[in-house]
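In what follows, a single structure is set out as structure tokens and then discussed.
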Amino acid sequence: MNSSTDAAQFDAVTTSKSKWNFHDTQWVLSLFGTAVGAGILFLPINIGIGGFWPLIILACMALPMTFLAHRGLARFVLSSKNKDADFTDVVEEHFGANAGRLISLLYFLSIFPILLIYGVGLTNTVDSFIVNQLGMESPSRVLLSGVLVAGMISLMLGGERLMLRAFAMLVYPLVGILLFLSLYLLPSWQVPNMAFPEFAGFSKTLWLSIPIIVFSFSHAAAISSFVNVQRGHYGNQATAKSEAILKRTSLLLIVFVLLFVFSCVLSLTPEQMLQAKAQNVSVLSYLANVTDNSFIATFGPLVAFIAITSSFLGHFLGARESFNGLVTKQANLSMKSADKIGVAIMFLAIWFCAVKNPSILDMMDQLSGPIIAMILFIMPMIAVYKVPALQKYRGRFSTLFVLAVGLLAVAALIYGFVT
């Protein structure tokens, strides 16, 4: 009698957890917030310079690139025999200690430069707003960047519950304002140059744009923590639930982001895009500065601020986890000590980079995009052919597609260095 009651209760809990719930929605928003950051705000600039047709092709590729790659990374982390394994544990389990350390280092290097980009982007966004919209003098860059970076990191030190709450507070207005701005720009759309470019130049532009697409839609930094939470929450259903959450996240990203990108690209000329790149500001900050429109002047920088802050939180989560995993395996330090050292080092590095103000687009193209491609696109697909738990995915078109995109992104990096 008791056993049948327990079984009925277990079935009820399982059925309840298999349905979509608030926990799943929170993670969709968290992953969406991780992806919508500096990459999205600079994506219209980078693609707008290349012309209209590369934008069309890359828009068609964005959904399969985003969903299939992140699904592959989630499957890789969940393939571990250790139910508490983070990313660094999984790579050591499947590739051995030495290769595992190298891949873990690449994972950290795929995330850490993004935090540097966000430090620069947030400082420039706030500084531009103070000067152009408030009509005040530019504040001390050292002080401004220090306060902004310290504020973002302090949110992360409050734990997972505070982080998810912060994401919810940031992402809801972000989605709403991003959609409203995209629609608000519709009357400003200009008929683009529809002439199809020369094939050689077109294919080269398309190829060299892949790293920025990889970077712009990436939420890889949060995947390890995300799937571990699902494993603890859903048990054997973790893989299916993770994939369902990732699918909805990808669809949300594509719908909102591509509408935003198209609105920006069709509202500005390629010459204006070049000016925005030279000023090292996001497309929204540039629109606020060049249009005599109080609405865009107010909400453009606000969206940039919210987007960069929400994405910073997600990427800091991944950088912190990977740094702690690397240090505790290499040095005789407790997790608590490694965490304190990592937070201090990352704060100082992000602050220093924000003060120096390097080119954001160059950092995306030449460093972050291709390294993310190695971790997000290439490594999990290699694991499919090496790890028995993943062998059922071998030979599938999705596996080969993700691997091909990753190789193209890395090849673009090599081409950029040698030319």
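All residue names refer to the structure tokens as shown: chains lettered A, B, ... in order, residues numbered from 1 in each chain, ligands numbered from 1 in order.
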Problem set entry | Residues within 10 Å of segment 275-288 of chain A, only C-alpha atoms, excluding chain neighbours under 5 positions, as number ranges by chain | A: 38-46, 49, 120-126, 128-129, 132-133, 181, 261, 264-265, 267-270, 293-305, 357-362
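Summary of the local environment: counting only C-alpha atoms, residues at most 10 Å from Leu105 of chain A, other than itself and those fewer than 5 positions away along its chain, are Thr88, Ala99, Gly100, Ser110, Ser322, Phe323, Gly325 and Leu326 of chain A.
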For this session: Fewer than 4 positions away in the same chain doesn't count, so skip those; otherwise give me all residues within 9 Å of Phe347 of chain A, counting only C-alpha atoms, as a ChimeraX atom specification.
Result: /A:146,149-150,153,342-343,351-352
Problem set entry | Using only C-alpha atoms: which of A:Ala221, A:Ile130, A:Leu348, A:Leu157 has the shortest distance to Glu321 of chain A | A:Ala221
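Using only C-alpha atoms, the shortest contact distance between Glu92 of chain A and any of A:Leu148, A:Ser30, A:Ala383, A:Ser182 is found at A:Ala383.
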Exercise. Using only C-alpha atoms, which of A:Pro380, A:Ile117, A:Glu198, A:Gln190 sits nearest Arg394 of chain A?
Worked result: A:Pro380
